[in-house]
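A.B. asks: File follows, protein10.pdb with PDB, C-alpha atoms (C1' of nucleotides):
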```pdb
MODEL        1
ATOM      1  CA  MET A   1     -27.979   8.051  22.804
ATOM      2  CA  LYS A   2     -24.646   8.662  21.244
ATOM      3  CA  ARG A   3     -22.841  11.079  19.087
ATOM      4  CA  ASN A   4     -23.484  11.425  15.388
ATOM      5  CA  SER A   5     -26.632   9.561  16.129
ATOM      6  CA  ARG A   6     -28.820  10.568  13.224
ATOM      7  CA  LEU A   7     -26.591   9.103  10.557
ATOM      8  CA  SER A   8     -25.683   6.231  12.800
ATOM      9  CA  LEU A   9     -29.263   5.380  13.579
ATOM     10  CA  ALA A  10     -30.295   5.628   9.958
ATOM     11  CA  LEU A  11     -27.543   3.304   8.810
ATOM     12  CA  HIS A  12     -28.120   0.876  11.612
ATOM     13  CA  THR A  13     -31.807   0.636  10.911
ATOM     14  CA  LEU A  14     -31.426   0.258   7.190
ATOM     15  CA  SER A  15     -28.796  -2.396   7.579
ATOM     16  CA  HIS A  16     -31.096  -4.439   9.696
ATOM     17  CA  THR A  17     -34.052  -4.047   7.409
ATOM     18  CA  ALA A  18     -31.783  -5.133   4.600
ATOM     19  CA  ASP A  19     -31.261  -8.322   6.539
ATOM     20  CA  ASP A  20     -34.856  -9.312   6.083
ATOM     21  CA  PRO A  21     -36.549  -6.890   3.671
ATOM     22  CA  GLU A  22     -39.986  -8.478   3.920
ATOM     23  CA  ARG A  23     -40.373  -7.922   7.591
ATOM     24  CA  VAL A  24     -42.259  -4.842   8.742
ATOM     25  CA  ARG A  25     -40.767  -3.130  11.768
ATOM     26  CA  THR A  26     -42.436  -0.712  14.124
ATOM     27  CA  SER A  27     -40.609   2.333  15.383
ATOM     28  CA  THR A  28     -40.992   0.977  18.898
ATOM     29  CA  GLU A  29     -39.204  -2.184  17.916
ATOM     30  CA  ILE A  30     -36.448  -0.277  16.184
ATOM     31  CA  ALA A  31     -36.107   2.113  19.090
ATOM     32  CA  GLU A  32     -35.710  -0.719  21.569
ATOM     33  CA  HIS A  33     -33.007  -2.280  19.475
ATOM     34  CA  ALA A  34     -31.210   1.013  19.080
ATOM     35  CA  GLY A  35     -31.649   1.982  22.711
ATOM     36  CA  THR A  36     -33.670   5.081  22.100
ATOM     37  CA  ASN A  37     -37.205   6.401  21.712
ATOM     38  CA  PRO A  38     -39.837   5.613  19.041
ATOM     39  CA  VAL A  39     -40.376   9.289  18.303
ATOM     40  CA  VAL A  40     -36.691   9.844  17.758
ATOM     41  CA  VAL A  41     -36.651   6.886  15.421
ATOM     42  CA  ARG A  42     -39.571   8.251  13.454
ATOM     43  CA  ARG A  43     -37.930  11.624  13.174
ATOM     44  CA  VAL A  44     -34.861  10.113  11.620
ATOM     45  CA  LEU A  45     -36.773   7.655   9.476
ATOM     46  CA  ASP A  46     -38.990  10.456   8.195
ATOM     47  CA  ARG A  47     -36.058  11.735   6.211
ATOM     48  CA  LEU A  48     -35.283   8.342   4.813
ATOM     49  CA  ARG A  49     -38.851   8.055   3.650
ATOM     50  CA  ALA A  50     -38.716  11.518   2.112
ATOM     51  CA  ALA A  51     -35.627  10.338   0.267
ATOM     52  CA  GLY A  52     -37.508   7.305  -1.002
ATOM     53  CA  LEU A  53     -35.517   4.728   0.919
ATOM     54  CA  LEU A  54     -38.234   3.562   3.254
ATOM     55  CA  THR A  55     -42.003   3.352   3.280
ATOM     56  CA  SER A  56     -44.241   3.439   6.310
ATOM     57  CA  GLU A  57     -47.770   2.202   6.912
ATOM     58  CA  ARG A  58     -50.016   3.446   9.640
ATOM     59  CA  GLY A  59     -52.359   1.563  11.866
ATOM     60  CA  HIS A  60     -52.550  -1.981  13.017
ATOM     61  CA  ALA A  61     -49.757  -4.139  11.586
ATOM     62  CA  GLY A  62     -48.192  -0.996  10.187
ATOM     63  CA  GLY A  63     -44.527  -0.111  10.353
ATOM     64  CA  TRP A  64     -41.466   0.499   8.236
ATOM     65  CA  CYS A  65     -40.182  -1.276   5.152
ATOM     66  CA  LEU A  66     -37.476  -0.862   2.552
ATOM     67  CA  ALA A  67     -38.742   1.029  -0.462
ATOM     68  CA  ARG A  68     -36.425  -0.837  -2.832
ATOM     69  CA  GLY A  69     -34.038  -3.748  -2.797
ATOM     70  CA  PRO A  70     -31.180  -3.611  -0.305
ATOM     71  CA  ARG A  71     -28.656  -3.754  -3.125
ATOM     72  CA  GLU A  72     -30.197  -0.649  -4.663
ATOM     73  CA  ILE A  73     -29.562   1.484  -1.589
ATOM     74  CA  THR A  74     -26.051   2.712  -1.001
ATOM     75  CA  LEU A  75     -24.480   4.397   1.975
ATOM     76  CA  ALA A  76     -24.391   7.548  -0.120
ATOM     77  CA  ASP A  77     -28.165   7.486  -0.420
ATOM     78  CA  VAL A  78     -28.400   7.376   3.337
ATOM     79  CA  TYR A  79     -25.813  10.075   3.760
ATOM     80  CA  ARG A  80     -27.636  12.351   1.349
ATOM     81  CA  ALA A  81     -30.971  11.665   3.029
ATOM     82  CA  ARG A  82     -29.955  13.666   6.076
ATOM     83  CA  ASP A  83     -30.611  17.252   5.169
ATOM     84  CA  GLU A  84     -27.694  18.484   7.216
ATOM     85  CA  ARG A  85     -24.249  18.955   5.788
ATOM     86  CA  LEU A  86     -21.190  18.135   7.766
ATOM     87  CA  VAL A  87     -19.147  20.759   5.965
ATOM     88  CA  ALA A  88     -21.336  23.650   7.109
ATOM     89  CA  THR A  89     -20.450  26.046   4.334
ATOM     90  CA  ASP A  90     -21.225  29.554   5.458
ATOM     91  CA  GLU A  91     -24.050  30.719   3.167
ATOM     92  CA  THR A  92     -25.328  33.559   5.279
ATOM     93  CA  GLY A  93     -25.791  35.650   2.188
ATOM     94  CA  VAL A  94     -24.041  38.616   3.728
ATOM     95  CA  ALA A  95     -21.348  39.753   1.337
ATOM     96  CA  SER A  96     -18.242  40.780   3.203
ATOM     97  CA  ALA A  97     -16.507  43.952   2.136
ATOM     98  CA  CYS A  98     -13.210  42.237   2.715
ATOM     99  CA  LEU A  99     -11.435  40.868  -0.323
ATOM    100  CA  VAL A 100      -9.370  38.439   1.662
ATOM    101  CA  GLU A 101     -12.537  37.025   3.141
ATOM    102  CA  HIS A 102     -13.932  36.533  -0.333
ATOM    103  CA  ALA A 103     -10.865  34.711  -1.538
ATOM    104  CA  LEU A 104     -10.915  32.541   1.548
ATOM    105  CA  GLN A 105     -14.535  31.647   1.162
ATOM    106  CA  ARG A 106     -14.037  30.680  -2.419
ATOM    107  CA  ARG A 107     -10.949  28.627  -1.854
ATOM    108  CA  VAL A 108     -11.755  26.892   1.387
ATOM    109  CA  SER A 109     -15.394  26.124   0.795
ATOM    110  CA  GLY A 110     -14.612  24.983  -2.732
ATOM    111  CA  MET A 111     -12.019  22.670  -1.319
ATOM    112  CA  LEU A 112     -14.348  21.275   1.301
ATOM    113  CA  GLU A 113     -17.073  20.782  -1.298
ATOM    114  CA  ASP A 114     -14.680  18.707  -3.371
ATOM    115  CA  ILE A 115     -13.892  16.547  -0.410
ATOM    116  CA  GLU A 116     -17.575  16.209   0.313
ATOM    117  CA  HIS A 117     -18.187  14.969  -3.210
ATOM    118  CA  SER A 118     -15.439  12.414  -3.072
ATOM    119  CA  ARG A 119     -16.782  11.271   0.254
ATOM    120  CA  VAL A 120     -20.228  10.702  -1.113
ATOM    121  CA  GLU A 121     -18.778   9.000  -4.154
ATOM    122  CA  ARG A 122     -16.992   6.499  -1.996
ATOM    123  CA  LEU A 123     -20.022   5.892   0.159
ATOM    124  CA  GLY A 124     -21.885   5.145  -3.041
ATOM    125  CA  GLU A 125     -19.670   2.124  -3.663
ATOM    126  CA  THR A 126     -21.225   0.184  -0.819
ATOM    127  CA  SER A 127     -24.841  -0.914  -0.641
ATOM    128  CA  ILE A 128     -26.530  -1.434   2.687
ATOM    129  CA  ALA A 129     -26.829  -5.100   1.781
ATOM    130  CA  GLU A 130     -23.095  -5.601   2.007
ATOM    131  CA  VAL A 131     -22.309  -3.604   5.101
ATOM    132  CA  ARG A 132     -22.266  -6.601   7.371
ATOM    133  CA  HIS A 133     -19.522  -8.269   5.382
ATOM    134  CA  ALA A 134     -17.126  -5.392   5.838
TER     135      ALA A 134
ATOM    136  CA  MET B   1     -21.394  36.302  13.876
ATOM    137  CA  LYS B   2     -21.808  33.506  11.458
ATOM    138  CA  ARG B   3     -21.639  29.789  11.268
ATOM    139  CA  ASN B   4     -18.395  27.895  11.292
ATOM    140  CA  SER B   5     -16.927  31.054  12.678
ATOM    141  CA  ARG B   6     -13.980  29.673  14.569
ATOM    142  CA  LEU B   7     -12.214  28.292  11.538
ATOM    143  CA  SER B   8     -13.370  31.192   9.442
ATOM    144  CA  LEU B   9     -12.156  33.789  11.890
ATOM    145  CA  ALA B  10      -8.843  32.027  12.354
ATOM    146  CA  LEU B  11      -8.187  31.843   8.645
ATOM    147  CA  HIS B  12      -9.288  35.384   8.046
ATOM    148  CA  THR B  13      -7.067  36.759  10.742
ATOM    149  CA  LEU B  14      -4.028  34.783   9.695
ATOM    150  CA  SER B  15      -4.450  35.772   6.080
ATOM    151  CA  HIS B  16      -4.425  39.382   7.028
ATOM    152  CA  THR B  17      -1.438  39.087   9.285
ATOM    153  CA  ALA B  18       0.291  37.317   6.440
ATOM    154  CA  ASP B  19      -0.280  40.435   4.389
ATOM    155  CA  ASP B  20       1.997  42.467   6.617
ATOM    156  CA  PRO B  21       3.745  40.123   9.030
ATOM    157  CA  GLU B  22       5.652  42.856  10.855
ATOM    158  CA  ARG B  23       2.600  44.677  12.008
ATOM    159  CA  VAL B  24       1.298  43.949  15.492
ATOM    160  CA  ARG B  25      -2.472  43.767  15.758
ATOM    161  CA  THR B  26      -4.589  44.069  18.838
ATOM    162  CA  SER B  27      -7.550  41.832  19.390
ATOM    163  CA  THR B  28      -9.744  44.910  19.396
ATOM    164  CA  GLU B  29      -8.516  45.852  15.958
ATOM    165  CA  ILE B  30      -9.018  42.352  14.641
ATOM    166  CA  ALA B  31     -12.446  42.134  16.223
ATOM    167  CA  GLU B  32     -13.557  45.362  14.601
ATOM    168  CA  HIS B  33     -12.419  44.155  11.231
ATOM    169  CA  ALA B  34     -14.144  40.825  11.669
ATOM    170  CA  GLY B  35     -17.289  42.348  13.112
ATOM    171  CA  THR B  36     -17.068  40.654  16.479
ATOM    172  CA  ASN B  37     -15.735  41.014  19.998
ATOM    173  CA  PRO B  38     -12.108  41.209  21.259
ATOM    174  CA  VAL B  39     -12.683  38.400  23.731
ATOM    175  CA  VAL B  40     -14.028  36.139  21.040
ATOM    176  CA  VAL B  41     -11.002  36.916  18.939
ATOM    177  CA  ARG B  42      -8.663  36.116  21.792
ATOM    178  CA  ARG B  43     -10.412  32.823  22.429
ATOM    179  CA  VAL B  44      -9.924  31.730  18.868
ATOM    180  CA  LEU B  45      -6.411  33.091  18.632
ATOM    181  CA  ASP B  46      -5.486  31.325  21.856
ATOM    182  CA  ARG B  47      -5.627  28.053  19.998
ATOM    183  CA  LEU B  48      -3.524  29.345  17.169
ATOM    184  CA  ARG B  49      -0.921  30.426  19.674
ATOM    185  CA  ALA B  50      -1.057  27.048  21.400
ATOM    186  CA  ALA B  51      -0.426  25.534  17.984
ATOM    187  CA  GLY B  52       2.582  27.786  17.497
ATOM    188  CA  LEU B  53       1.145  29.844  14.676
ATOM    189  CA  LEU B  54       0.844  33.157  16.465
ATOM    190  CA  THR B  55       2.527  34.929  19.336
ATOM    191  CA  SER B  56       0.993  37.513  21.606
ATOM    192  CA  GLU B  57       2.522  40.243  23.743
ATOM    193  CA  ARG B  58       0.810  41.837  26.656
ATOM    194  CA  GLY B  59       0.797  45.435  27.746
ATOM    195  CA  HIS B  60       1.305  48.655  25.951
ATOM    196  CA  ALA B  61       2.051  48.188  22.249
ATOM    197  CA  GLY B  62       1.268  44.515  22.662
ATOM    198  CA  GLY B  63      -0.813  42.436  20.305
ATOM    199  CA  TRP B  64      -0.658  39.501  17.925
ATOM    200  CA  CYS B  65       1.998  38.495  15.420
ATOM    201  CA  LEU B  66       2.788  35.565  13.159
ATOM    202  CA  ALA B  67       5.076  33.091  14.860
ATOM    203  CA  ARG B  68       6.700  32.076  11.562
ATOM    204  CA  GLY B  69       6.767  33.115   7.958
ATOM    205  CA  PRO B  70       3.433  33.199   6.147
ATOM    206  CA  ARG B  71       4.713  30.645   3.638
ATOM    207  CA  GLU B  72       5.420  28.212   6.470
ATOM    208  CA  ILE B  73       1.828  28.190   7.667
ATOM    209  CA  THR B  74      -0.650  26.123   5.693
ATOM    210  CA  LEU B  75      -4.401  25.957   5.848
ATOM    211  CA  ALA B  76      -3.968  22.504   7.350
ATOM    212  CA  ASP B  77      -2.054  23.982  10.275
ATOM    213  CA  VAL B  78      -4.952  26.275  10.956
ATOM    214  CA  TYR B  79      -7.452  23.487  10.521
ATOM    215  CA  ARG B  80      -5.584  21.297  12.969
ATOM    216  CA  ALA B  81      -5.252  24.131  15.466
ATOM    217  CA  ARG B  82      -8.932  23.942  16.249
ATOM    218  CA  ASP B  83      -9.217  21.145  18.755
ATOM    219  CA  GLU B  84     -12.602  20.107  17.481
ATOM    220  CA  ARG B  85     -13.161  17.470  14.839
ATOM    221  CA  LEU B  86     -15.836  17.899  12.263
ATOM    222  CA  VAL B  87     -16.260  14.173  11.774
ATOM    223  CA  ALA B  88     -17.325  13.452  15.358
ATOM    224  CA  THR B  89     -16.374   9.794  15.475
ATOM    225  CA  ASP B  90     -18.439   8.063  18.095
ATOM    226  CA  GLU B  91     -15.963   7.016  20.794
ATOM    227  CA  THR B  92     -18.347   6.607  23.680
ATOM    228  CA  GLY B  93     -16.570   3.463  24.691
ATOM    229  CA  VAL B  94     -19.815   1.551  25.057
ATOM    230  CA  ALA B  95     -19.537  -1.666  23.087
ATOM    231  CA  SER B  96     -22.773  -2.483  21.339
ATOM    232  CA  ALA B  97     -24.010  -6.031  21.479
ATOM    233  CA  CYS B  98     -25.129  -5.696  17.891
ATOM    234  CA  LEU B  99     -22.831  -7.149  15.255
ATOM    235  CA  VAL B 100     -24.248  -4.989  12.499
ATOM    236  CA  GLU B 101     -23.510  -1.955  14.576
ATOM    237  CA  HIS B 102     -19.906  -3.095  14.942
ATOM    238  CA  ALA B 103     -19.482  -3.594  11.244
ATOM    239  CA  LEU B 104     -20.991  -0.202  10.582
ATOM    240  CA  GLN B 105     -18.758   1.519  13.060
ATOM    241  CA  ARG B 106     -15.713  -0.029  11.545
ATOM    242  CA  ARG B 107     -16.621   0.744   7.986
ATOM    243  CA  VAL B 108     -18.116   4.176   8.347
ATOM    244  CA  SER B 109     -15.751   5.650  10.868
ATOM    245  CA  GLY B 110     -12.805   4.230   8.957
ATOM    246  CA  MET B 111     -14.088   5.970   5.888
ATOM    247  CA  LEU B 112     -14.588   9.234   7.698
ATOM    248  CA  GLU B 113     -11.051   9.030   9.017
ATOM    249  CA  ASP B 114      -9.792   8.609   5.479
ATOM    250  CA  ILE B 115     -11.716  11.624   4.342
ATOM    251  CA  GLU B 116     -10.408  13.623   7.258
ATOM    252  CA  HIS B 117      -6.874  12.763   6.264
ATOM    253  CA  SER B 118      -7.383  13.676   2.663
ATOM    254  CA  ARG B 119      -8.993  16.891   3.710
ATOM    255  CA  VAL B 120      -6.042  17.877   5.849
ATOM    256  CA  GLU B 121      -3.696  16.798   3.094
ATOM    257  CA  ARG B 122      -5.329  19.077   0.587
ATOM    258  CA  LEU B 123      -5.487  21.979   2.970
ATOM    259  CA  GLY B 124      -1.783  21.460   3.516
ATOM    260  CA  GLU B 125      -1.097  22.314  -0.106
ATOM    261  CA  THR B 126      -1.910  25.969   0.386
ATOM    262  CA  SER B 127      -0.073  28.395   2.625
ATOM    263  CA  ILE B 128      -1.836  31.361   4.125
ATOM    264  CA  ALA B 129       0.481  33.577   2.096
ATOM    265  CA  GLU B 130      -1.089  32.473  -1.152
ATOM    266  CA  VAL B 131      -4.717  32.518  -0.207
ATOM    267  CA  ARG B 132      -5.353  35.936  -1.659
ATOM    268  CA  HIS B 133      -4.223  34.861  -5.109
ATOM    269  CA  ALA B 134      -6.830  32.131  -5.380
TER     270      ALA B 134
ATOM    271  C1'  DG C   1     -69.046  -0.105  15.239
ATOM    272  C1'  DA C   2     -65.654  -0.617  19.053
ATOM    273  C1'  DT C   3     -61.021  -1.440  20.094
ATOM    274  C1'  DA C   4     -56.190  -1.910  19.613
ATOM    275  C1'  DT C   5     -52.196  -0.670  17.160
ATOM    276  C1'  DT C   6     -49.090   2.353  14.840
ATOM    277  C1'  DT C   7     -47.656   6.357  12.360
ATOM    278  C1'  DG C   8     -47.730  11.614  12.267
ATOM    279  C1'  DC C   9     -47.080  15.646  14.554
ATOM    280  C1'  DA C  10     -46.674  19.347  17.815
ATOM    281  C1'  DA C  11     -45.159  20.949  22.242
ATOM    282  C1'  DC C  12     -42.036  21.018  25.753
ATOM    283  C1'  DC C  13     -37.818  19.731  28.714
ATOM    284  C1'  DG C  14     -32.839  19.248  29.554
ATOM    285  C1'  DG C  15     -28.252  19.293  28.083
ATOM    286  C1'  DT C  16     -24.564  20.979  25.226
ATOM    287  C1'  DA C  17     -22.043  24.194  22.361
ATOM    288  C1'  DC C  18     -20.924  28.608  21.146
ATOM    289  C1'  DA C  19     -20.881  33.758  20.345
ATOM    290  C1'  DG C  20     -21.338  37.704  22.807
ATOM    291  C1'  DT C  21     -20.615  40.555  26.818
ATOM    292  C1'  DT C  22     -18.891  42.313  31.239
ATOM    293  C1'  DA C  23     -15.566  42.491  34.667
ATOM    294  C1'  DC C  24     -11.242  42.087  36.687
ATOM    295  C1'  DG C  25      -6.439  40.619  37.076
ATOM    296  C1'  DT C  26      -1.707  40.830  35.020
ATOM    297  C1'  DA C  27       2.048  42.451  32.263
ATOM    298  C1'  DA C  28       4.541  45.979  29.799
ATOM    299  C1'  DA C  29       5.560  50.620  27.901
ATOM    300  C1'  DT C  30       5.546  55.531  28.689
TER     301       DT C  30
ATOM    302  C1'  DA D   1       1.373  56.034  38.111
ATOM    303  C1'  DT D   2      -1.126  55.637  34.082
ATOM    304  C1'  DT D   3      -2.309  53.606  29.972
ATOM    305  C1'  DT D   4      -2.590  49.822  27.024
ATOM    306  C1'  DA D   5      -3.578  45.164  25.906
ATOM    307  C1'  DC D   6      -3.662  40.341  26.854
ATOM    308  C1'  DG D   7      -5.615  36.442  30.115
ATOM    309  C1'  DT D   8      -9.404  34.591  32.156
ATOM    310  C1'  DA D   9     -13.589  33.725  34.518
ATOM    311  C1'  DA D  10     -18.513  34.324  34.772
ATOM    312  C1'  DC D  11     -22.828  35.040  32.906
ATOM    313  C1'  DT D  12     -26.338  35.531  28.995
ATOM    314  C1'  DG D  13     -28.888  34.358  24.888
ATOM    315  C1'  DT D  14     -29.436  31.408  21.150
ATOM    316  C1'  DA D  15     -29.487  27.255  18.524
ATOM    317  C1'  DC D  16     -29.583  22.400  18.067
ATOM    318  C1'  DC D  17     -30.696  17.955  19.486
ATOM    319  C1'  DG D  18     -32.253  13.810  21.976
ATOM    320  C1'  DG D  19     -35.793  12.566  24.924
ATOM    321  C1'  DT D  20     -40.579  12.623  26.424
ATOM    322  C1'  DT D  21     -45.563  13.236  26.510
ATOM    323  C1'  DG D  22     -49.953  13.782  24.443
ATOM    324  C1'  DC D  23     -53.161  13.512  20.879
ATOM    325  C1'  DA D  24     -55.064  13.058  16.147
ATOM    326  C1'  DA D  25     -55.447  10.055  12.131
ATOM    327  C1'  DA D  26     -55.314   5.761   9.889
ATOM    328  C1'  DT D  27     -55.829   0.827   9.657
ATOM    329  C1'  DA D  28     -56.555  -4.046  11.076
ATOM    330  C1'  DT D  29     -59.090  -7.090  14.053
ATOM    331  C1'  DC D  30     -62.984  -8.406  16.768
TER     332       DC D  30
ENDMDL
END
```
Please render this file's structure as structure tokens.
C.D. replies:
Amino acid sequence: MKRNSRLSLALHTLSHTADDPERVRTSTEIAEHAGTNPVVVRRVLDRLRAAGLLTSERGHAGGWCLARGPREITLADVYRARDERLVATDETGVASACLVEHALQRRVSGMLEDIEHSRVERLGETSIAEVRHA
Amino acid sequence: MKRNSRLSLALHTLSHTADDPERVRTSTEIAEHAGTNPVVVRRVLDRLRAAGLLTSERGHAGGWCLARGPREITLADVYRARDERLVATDETGVASACLVEHALQRRVSGMLEDIEHSRVERLGETSIAEVRHA
DNA sequence: GATATTTGCAACCGGTACAGTTACGTAAAT
DNA sequence: ATTTACGTAACTGTACCGGTTGCAAATATC
């Protein structure tokens, strides 16, 4: 697959389901379209379901569906649904004895957090329904 | 060591050298302070030297020194000195046949670029000399 | 009830990235 | 010549991730 694939795959999938919200899609189908593996798809989509963006049904005629209207799901929702953070703020819990280190941690990670927030805010301005008309 | 250590180590080291710019520090000394290994320190500091932020002298009484005044080095300089990008914009060159994918790429990666710029901009507002007084 | 389909999940493989470590070469001061 | 310290290459261990396989559980169809 390609780089940054988790977010990319999530967005791609949601955008397509937004195209035709009634249609139920299997992970196999999605995987073929995305050029990857059904299990990988499920792994990514698991998180979107946990975040309440998708629902899945097992068994015959099962598959994946949008949990709410495509206009009610923003890029920020998708972004937040990944549990990972791109900023990677330290958080090892080990308190350094070094004062400079403390000051750095506070300043830099605070700064990156701010940026993170503004990023998510901007992503929130676009719903997955309108991505195609970008 | 800890996560995000390259940037962290770079910033930490530079902040300390900014404290007393005349003093020459060996990688062993820096490594001990940072709780890591001299070779690791040199690897990270290599990039800072390539970026013109530090100089190094070999041999007896050699070591590392600031290449310019601590007020002329910003956090953005350090951030840029790492060659890596945190955003990881796709760039595999493979053109997808999927129009939605195209639109997504354009919109999302454009947005991430913006954020990257604003991040660097904000980091540029602080010099390593003033980090301690945060 | 048997069968086919599809998610759910765990285990494992292969590749990549990185910190850590060891070892050795090179340069400079004493 | 010796000592010091950078420069660099090689190897290790770990972590993460995409890919893959296998199997259990659930559900629709026959």
A.B. asks: When the PyMOL selection byres ((chain A) within 6 of (chain D)) is applied to the structure above, which residues does it catch, written out as a ChimeraX atom specification?
C.D. replies: /A:58-60
A.B. asks: Write out as a VMD selection string which residues come within 9 Å of range 33-40 of chain B when counting only C-alpha atoms (C1' of nucleotides), dropping same-chain ones fewer than 6 positions away.
C.D. replies: (chain A and resid 98) or (chain B and resid 1 9 12 to 13 26 to 27) or (chain C and resid 19 to 21)
A.B. asks: Could you write out as a PyMOL selection string the residues that the PyMOL selection byres ((chain C) within 7 of (chain B)) matches in the shown file?
C.D. replies: chain C and resi 19+27-29
A.B. asks: Just want the 9 Å neighbourhood of Asp19 in chain A, counted on all atoms listed in the file, with same-chain residues fewer than 4 positions away dropped. Output as number ranges by chain.
C.D. replies: A: 14-15, 70, 129
A.B. asks: Which value, in Å to one decimal, gives the distance between CA of Arg71 in chain B and CA of Ser56 in chain B?
C.D. replies: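 Computed distance, CA of Arg71 in chain B to CA of Ser56 in chain B, equals 19.6 Å.
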A.B. asks: Using CA of His102 in chain A and C1' of DC18 in chain C as the two end points, give the distance in Å to one decimal.
C.D. replies: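 Spanning CA of His102 in chain A to C1' of DC18 in chain C is a straight-line distance of 23.9 Å.
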A.B. asks: Identify, on the basis of all atoms listed in the file, every residue whose closest approach to Ser127 in chain B does not exceed 8 Å; exclude the query and any residue fewer than 4 positions from it along the same chain; express the result as a VMD selection string.
C.D. replies: chain B and resid 70 to 75 131
